[in-house]
>>> print(open('run_0.cif').read())   # mmCIF, C-alpha atoms
data_run
loop_
_atom_site.label_atom_id
_atom_site.label_comp_id
_atom_site.auth_asym_id
_atom_site.auth_seq_id
_atom_site.Cartn_x
_atom_site.Cartn_y
_atom_site.Cartn_z
CA MET A 8 -37.51 -20.60 -20.28
CA THR A 9 -34.83 -22.90 -21.62
CA PRO A 10 -31.91 -23.87 -19.38
CA ARG A 11 -29.49 -22.06 -21.69
CA ARG A 12 -31.46 -18.82 -21.49
CA GLY A 13 -31.60 -19.14 -17.70
CA VAL A 14 -27.83 -19.45 -17.54
CA LEU A 15 -27.43 -16.42 -19.82
CA LEU A 16 -29.72 -14.37 -17.59
CA ALA A 17 -27.98 -15.56 -14.43
CA LEU A 18 -24.51 -14.47 -15.62
CA PRO A 19 -25.16 -10.69 -15.45
CA VAL A 20 -26.87 -11.10 -12.07
CA ALA A 21 -23.87 -13.05 -10.75
CA ALA A 22 -21.50 -10.42 -12.18
CA LEU A 23 -23.40 -7.63 -10.44
CA GLY A 24 -23.28 -9.61 -7.20
CA ALA A 25 -19.53 -10.06 -7.57
CA LEU A 26 -19.10 -6.33 -8.15
CA GLY A 27 -21.08 -5.64 -4.99
CA LEU A 28 -18.88 -8.00 -3.00
CA MET A 29 -15.74 -6.35 -4.41
CA ALA A 30 -16.94 -3.00 -3.10
CA THR A 31 -17.81 -4.50 0.29
CA PHE A 32 -14.74 -6.56 1.19
CA ASP A 33 -11.06 -5.67 1.21
CA PRO A 34 -8.66 -8.02 -0.55
CA PRO A 35 -7.58 -10.44 2.22
CA CYS A 36 -4.20 -9.87 3.81
CA GLY A 37 -2.82 -10.70 7.23
CA GLU A 38 -1.16 -8.07 9.36
CA ALA A 39 2.15 -8.16 11.24
CA VAL A 40 1.90 -8.61 14.99
CA ALA A 41 3.56 -6.16 17.41
CA PRO A 42 6.28 -5.75 18.39
CA LEU A 43 7.55 -5.43 14.84
CA ARG A 44 11.25 -4.80 15.49
CA ALA A 45 11.59 -3.55 11.93
CA ASP A 46 14.56 -1.80 10.41
CA ALA A 47 12.21 0.64 8.70
CA ALA A 48 8.62 1.50 7.98
CA VAL A 49 7.91 2.19 4.31
CA VAL A 50 4.89 4.43 3.73
CA LEU A 51 3.47 4.18 0.23
CA SER A 52 2.22 7.26 -1.60
CA GLY A 53 -1.50 7.78 -1.98
CA ASP A 54 -1.71 9.00 1.63
CA VAL A 55 -4.02 11.93 1.00
CA ASP A 56 -5.37 11.83 4.58
CA GLU A 57 -1.90 11.25 6.08
CA LEU A 58 -3.09 8.20 8.03
CA ARG A 59 -0.30 6.04 6.60
CA THR A 60 2.36 8.60 7.47
CA LYS A 61 1.05 9.04 11.01
CA ARG A 62 1.07 5.25 11.53
CA GLY A 63 4.62 4.97 10.16
CA ALA A 64 5.73 7.85 12.38
CA ALA A 65 4.13 6.14 15.39
CA LEU A 66 6.13 2.97 14.61
CA VAL A 67 9.39 4.94 14.59
CA LEU A 68 8.52 6.88 17.75
CA ALA A 69 7.55 3.65 19.57
CA GLY A 70 10.86 2.03 18.63
CA ASP A 71 9.22 -0.52 16.31
CA ALA A 72 11.17 0.85 13.31
CA ARG A 73 14.47 2.75 13.10
CA TYR A 74 13.75 4.64 9.87
CA LEU A 75 10.70 6.04 8.14
CA VAL A 76 10.87 5.69 4.35
CA LEU A 77 8.39 7.89 2.50
CA THR A 78 7.60 7.43 -1.19
CA GLY A 79 6.05 9.50 -3.92
CA SER A 80 6.85 12.06 -6.56
CA GLN A 81 6.06 15.77 -6.45
CA ARG A 82 3.98 15.01 -9.54
CA MET A 83 1.52 13.02 -7.44
CA VAL A 84 -2.08 14.26 -7.47
CA GLY A 85 -3.33 15.27 -4.05
CA GLY A 86 -0.14 16.67 -2.53
CA ASP A 87 0.97 13.41 -0.93
CA SER A 88 4.55 13.42 -2.19
CA ALA A 89 7.34 12.04 -0.02
CA LEU A 90 8.52 15.57 0.75
CA SER A 91 5.10 16.76 1.92
CA LEU A 92 4.64 13.57 3.97
CA ALA A 93 8.09 14.18 5.55
CA ARG A 94 6.75 17.47 6.93
CA THR A 95 3.87 15.55 8.53
CA ALA A 96 6.31 13.03 10.03
CA ARG A 97 8.54 15.78 11.45
CA THR A 98 5.48 17.50 12.93
CA ALA A 99 4.62 14.17 14.58
CA GLY A 100 8.07 14.15 16.19
CA VAL A 101 10.18 11.95 13.92
CA PRO A 102 13.73 13.38 13.75
CA GLY A 103 14.75 14.43 10.24
CA GLU A 104 17.77 12.10 10.24
CA ARG A 105 15.43 9.11 10.65
CA ILE A 106 13.36 10.05 7.56
CA LEU A 107 14.39 8.78 4.11
CA CYS A 108 12.56 9.99 0.99
CA GLU A 109 12.10 8.36 -2.40
CA THR A 110 10.81 11.18 -4.62
CA GLN A 111 10.38 9.77 -8.14
CA SER A 112 7.66 7.09 -7.94
CA ARG A 113 4.11 7.51 -9.22
CA SER A 114 2.61 4.06 -8.56
CA THR A 115 2.62 1.29 -5.99
CA ARG A 116 5.08 -0.74 -8.06
CA GLU A 117 7.38 2.26 -8.53
CA ASN A 118 7.15 3.07 -4.79
CA VAL A 119 8.84 -0.24 -4.00
CA LEU A 120 11.17 -0.46 -6.99
CA LEU A 121 12.54 3.03 -6.34
CA ALA A 122 12.67 2.66 -2.54
CA ARG A 123 14.67 -0.57 -2.85
CA PRO A 124 18.02 1.23 -3.40
CA LEU A 125 17.44 3.20 -0.17
CA LEU A 126 16.66 -0.01 1.71
CA GLU A 127 19.78 -1.65 0.32
CA ALA A 128 22.04 1.35 0.98
CA TYR A 129 20.97 1.49 4.64
CA GLY A 130 20.94 -2.29 5.11
CA LEU A 131 17.20 -2.33 5.88
CA ARG A 132 16.07 -5.95 5.52
CA ARG A 133 13.06 -6.24 7.85
CA VAL A 134 10.57 -3.63 6.74
CA ALA A 135 7.04 -2.69 7.81
CA LEU A 136 4.92 -1.92 4.75
CA VAL A 137 2.39 0.73 5.78
CA THR A 138 -0.64 1.37 3.59
CA SER A 139 -4.43 1.36 3.67
CA ARG A 140 -6.24 -1.89 4.35
CA SER A 141 -7.79 -2.16 0.88
CA HIS A 142 -4.38 -1.53 -0.75
CA LEU A 143 -2.34 -3.85 1.45
CA LEU A 144 -2.55 -7.14 -0.46
CA ARG A 145 -1.56 -5.60 -3.83
CA ALA A 146 1.18 -3.56 -2.17
CA LEU A 147 2.55 -6.59 -0.30
CA TRP A 148 2.59 -8.80 -3.38
CA ALA A 149 4.24 -6.03 -5.44
CA ALA A 150 6.83 -5.46 -2.69
CA ARG A 151 7.69 -9.14 -2.45
CA ARG A 152 8.09 -9.30 -6.23
CA ALA A 153 10.14 -6.07 -6.53
CA ALA A 154 12.34 -6.59 -3.45
CA PRO A 155 12.38 -10.31 -2.58
CA ALA A 156 15.41 -10.01 -0.28
CA VAL A 157 13.38 -7.88 2.13
CA GLU A 158 11.20 -9.39 4.83
CA TRP A 159 7.98 -7.40 4.44
CA LEU A 160 5.73 -6.92 7.47
CA PRO A 161 2.22 -5.75 6.47
CA VAL A 162 0.77 -2.88 8.53
CA ALA A 163 -2.70 -1.64 7.59
CA VAL A 164 -4.37 1.65 8.36
CA PRO A 165 -8.11 2.12 7.87
CA ASP A 166 -9.32 3.36 4.52
CA ALA A 167 -10.23 7.01 4.97
CA GLY A 168 -13.27 8.87 3.78
CA SER A 169 -16.97 8.34 3.41
CA PRO A 170 -18.52 4.89 3.01
CA GLY A 171 -18.85 5.59 -0.72
CA ARG A 172 -15.19 6.48 -1.01
CA ARG A 173 -14.17 3.35 0.88
CA ALA A 174 -16.38 1.19 -1.39
CA ARG A 175 -14.78 2.74 -4.49
CA SER A 176 -11.31 2.13 -3.02
CA ARG A 177 -12.09 -1.52 -2.37
CA PHE A 178 -13.57 -2.02 -5.82
CA THR A 179 -10.67 -0.38 -7.64
CA GLU A 180 -8.12 -2.29 -5.54
CA TRP A 181 -9.58 -5.62 -6.66
CA LEU A 182 -9.28 -4.47 -10.29
CA LYS A 183 -5.74 -3.17 -9.79
CA LEU A 184 -4.76 -6.40 -8.04
CA ALA A 185 -6.00 -8.37 -11.05
CA GLY A 186 -4.00 -6.08 -13.35
CA TYR A 187 -0.82 -6.42 -11.28
CA VAL A 188 -1.14 -10.19 -11.30
CA ALA A 189 -1.77 -10.24 -15.06
CA LEU A 190 1.31 -8.07 -15.67
CA GLY A 191 3.48 -10.20 -13.36
CA TRP A 192 4.02 -7.30 -10.94
CA ALA A 193 2.44 -9.15 -8.01
#
>>> encode(input="run_0.cif", output="structure tokens")
Amino acid sequence: MTPRRGVLLALPVAALGALGLMATFDPPCGEAVAPLRADAAVVLSGDVDELRTKRGAALVLAGDARYLVLTGSQRMVGGDSALSLARTARTAGVPGERILCETQSRSTRENVLLARPLLEAYGLRRVALVTSRSHLLRALWAARRAAPAVEWLPVAVPDAGSPGRRARSRFTEWLKLAGYVALGWA
């Protein structure tokens, strides 16, 4: 076998290995250390298992955040709109007056862009960003780009579901991260 042919054969093998690693490891992102002393906890949509909302509610109830900001449109697939997540937060004990809802967004970027006016109106400058571990790096970079005046504190919840679902989430997050970077959104 010629060296050139060996390189050509090695490329698909390396690509398959990279794909396997993408499904195995979350994009790297540090996490804020307690106590947070945040003005708010922003929960990004995509919370089909309500783990993000429950973590955000726990931050408010523990006094680590004054407000809980929930994002997501009624048009979201999976029933995880801000209004449905607000019901979960109230059931967890968060008073209604401490819950703010952004109800138009349909993506991570829109979550932050459309929540920014709420943050500004309430003077919320130190904000916990609550999302799943595999989603956290893309969400944090998008938040810093869309609302640079805010001090974002990353708070991860475990990715929910079966091992296969978690692997798919990790894999797609790497691809979405690359897309956000290419578009200048992160």
>>> resolve_selection(input="run_0.cif", expression="the PyMOL selection byres ((chain A and resi 77) around 8)", output="count of residues only")
17
>>> residues_around(input="run_0.cif", residues="stretch 154-169 of chain A", least_positions_apart="4", cutoff="9 Å", atoms="only C-alpha atoms", output="PDB file with C-alpha atoms, in the coordinates of the input")
ATOM      1  CA  CYS A  36      -4.200  -9.870   3.810  1.00  0.00           C
ATOM      2  CA  GLY A  37      -2.820 -10.700   7.230  1.00  0.00           C
ATOM      3  CA  GLU A  38      -1.160  -8.070   9.360  1.00  0.00           C
ATOM      4  CA  ALA A  39       2.150  -8.160  11.240  1.00  0.00           C
ATOM      5  CA  VAL A  40       1.900  -8.610  14.990  1.00  0.00           C
ATOM      6  CA  LEU A  43       7.550  -5.430  14.840  1.00  0.00           C
ATOM      7  CA  ALA A  45      11.590  -3.550  11.930  1.00  0.00           C
ATOM      8  CA  ALA A  48       8.620   1.500   7.980  1.00  0.00           C
ATOM      9  CA  VAL A  55      -4.020  11.930   1.000  1.00  0.00           C
ATOM     10  CA  ASP A  56      -5.370  11.830   4.580  1.00  0.00           C
ATOM     11  CA  LEU A  58      -3.090   8.200   8.030  1.00  0.00           C
ATOM     12  CA  ARG A  59      -0.300   6.040   6.600  1.00  0.00           C
ATOM     13  CA  ARG A  62       1.070   5.250  11.530  1.00  0.00           C
ATOM     14  CA  GLY A  63       4.620   4.970  10.160  1.00  0.00           C
ATOM     15  CA  VAL A 119       8.840  -0.240  -4.000  1.00  0.00           C
ATOM     16  CA  LEU A 120      11.170  -0.460  -6.990  1.00  0.00           C
ATOM     17  CA  ARG A 123      14.670  -0.570  -2.850  1.00  0.00           C
ATOM     18  CA  LEU A 126      16.660  -0.010   1.710  1.00  0.00           C
ATOM     19  CA  LEU A 131      17.200  -2.330   5.880  1.00  0.00           C
ATOM     20  CA  ARG A 132      16.070  -5.950   5.520  1.00  0.00           C
ATOM     21  CA  ARG A 133      13.060  -6.240   7.850  1.00  0.00           C
ATOM     22  CA  VAL A 134      10.570  -3.630   6.740  1.00  0.00           C
ATOM     23  CA  ALA A 135       7.040  -2.690   7.810  1.00  0.00           C
ATOM     24  CA  LEU A 136       4.920  -1.920   4.750  1.00  0.00           C
ATOM     25  CA  VAL A 137       2.390   0.730   5.780  1.00  0.00           C
ATOM     26  CA  THR A 138      -0.640   1.370   3.590  1.00  0.00           C
ATOM     27  CA  SER A 139      -4.430   1.360   3.670  1.00  0.00           C
ATOM     28  CA  ARG A 140      -6.240  -1.890   4.350  1.00  0.00           C
ATOM     29  CA  SER A 141      -7.790  -2.160   0.880  1.00  0.00           C
ATOM     30  CA  HIS A 142      -4.380  -1.530  -0.750  1.00  0.00           C
ATOM     31  CA  LEU A 143      -2.340  -3.850   1.450  1.00  0.00           C
ATOM     32  CA  LEU A 144      -2.550  -7.140  -0.460  1.00  0.00           C
ATOM     33  CA  ALA A 146       1.180  -3.560  -2.170  1.00  0.00           C
ATOM     34  CA  LEU A 147       2.550  -6.590  -0.300  1.00  0.00           C
ATOM     35  CA  ALA A 149       4.240  -6.030  -5.440  1.00  0.00           C
ATOM     36  CA  ALA A 150       6.830  -5.460  -2.690  1.00  0.00           C
ATOM     37  CA  ARG A 173     -14.170   3.350   0.880  1.00  0.00           C
ATOM     38  CA  ALA A 174     -16.380   1.190  -1.390  1.00  0.00           C
ATOM     39  CA  SER A 176     -11.310   2.130  -3.020  1.00  0.00           C
ATOM     40  CA  ARG A 177     -12.090  -1.520  -2.370  1.00  0.00           C
TER      41      ARG A 177
END
>>> atom_distance(input="run_0.cif", atom1="atom CA of A:Ala99", atom2="atom CA of A:Glu117")
26.1 Å
>>> atom_distance(input="run_0.cif", atom1="atom CA of A:Gln81", atom2="atom CA of A:Leu184")
24.7 Å
>>> atom_distance(input="run_0.cif", atom1="atom CA of A:Ser114", atom2="atom CA of A:Ala153")
12.8 Å
>>> resolve_selection(input="run_0.cif", expression="the PyMOL selection byres ((chain A and resi 71) around 7)", output="number ranges by chain")
A: 42-45, 66-67, 69-70, 72-73
>>> write_last_selection(input="run_0.cif", atoms="C-alpha atoms", output="PDB file, keeping the file's coordinate frame")
ATOM      1  CA  PRO A  42       6.280  -5.750  18.390  1.00  0.00           C
ATOM      2  CA  LEU A  43       7.550  -5.430  14.840  1.00  0.00           C
ATOM      3  CA  ARG A  44      11.250  -4.800  15.490  1.00  0.00           C
ATOM      4  CA  ALA A  45      11.590  -3.550  11.930  1.00  0.00           C
ATOM      5  CA  LEU A  66       6.130   2.970  14.610  1.00  0.00           C
ATOM      6  CA  VAL A  67       9.390   4.940  14.590  1.00  0.00           C
ATOM      7  CA  ALA A  69       7.550   3.650  19.570  1.00  0.00           C
ATOM      8  CA  GLY A  70      10.860   2.030  18.630  1.00  0.00           C
ATOM      9  CA  ALA A  72      11.170   0.850  13.310  1.00  0.00           C
ATOM     10  CA  ARG A  73      14.470   2.750  13.100  1.00  0.00           C
TER      11      ARG A  73
END
>>> closest_residue(input="run_0.cif", among="A:Arg113, A:Arg175, A:Arg105, A:Arg97", to="A:Ser80", atoms="all atoms listed in the file")
A:Arg113
>>> axis_aligned_box(input="run_0.cif", around="stretch 154-168 of chain A", padding_each_side="6 Å", output="AutoDock Vina command-line options")
--center_x 1.1 --center_y -0.7 --center_z 2.5 --size_x 40.7 --size_y 31.2 --size_z 24.0
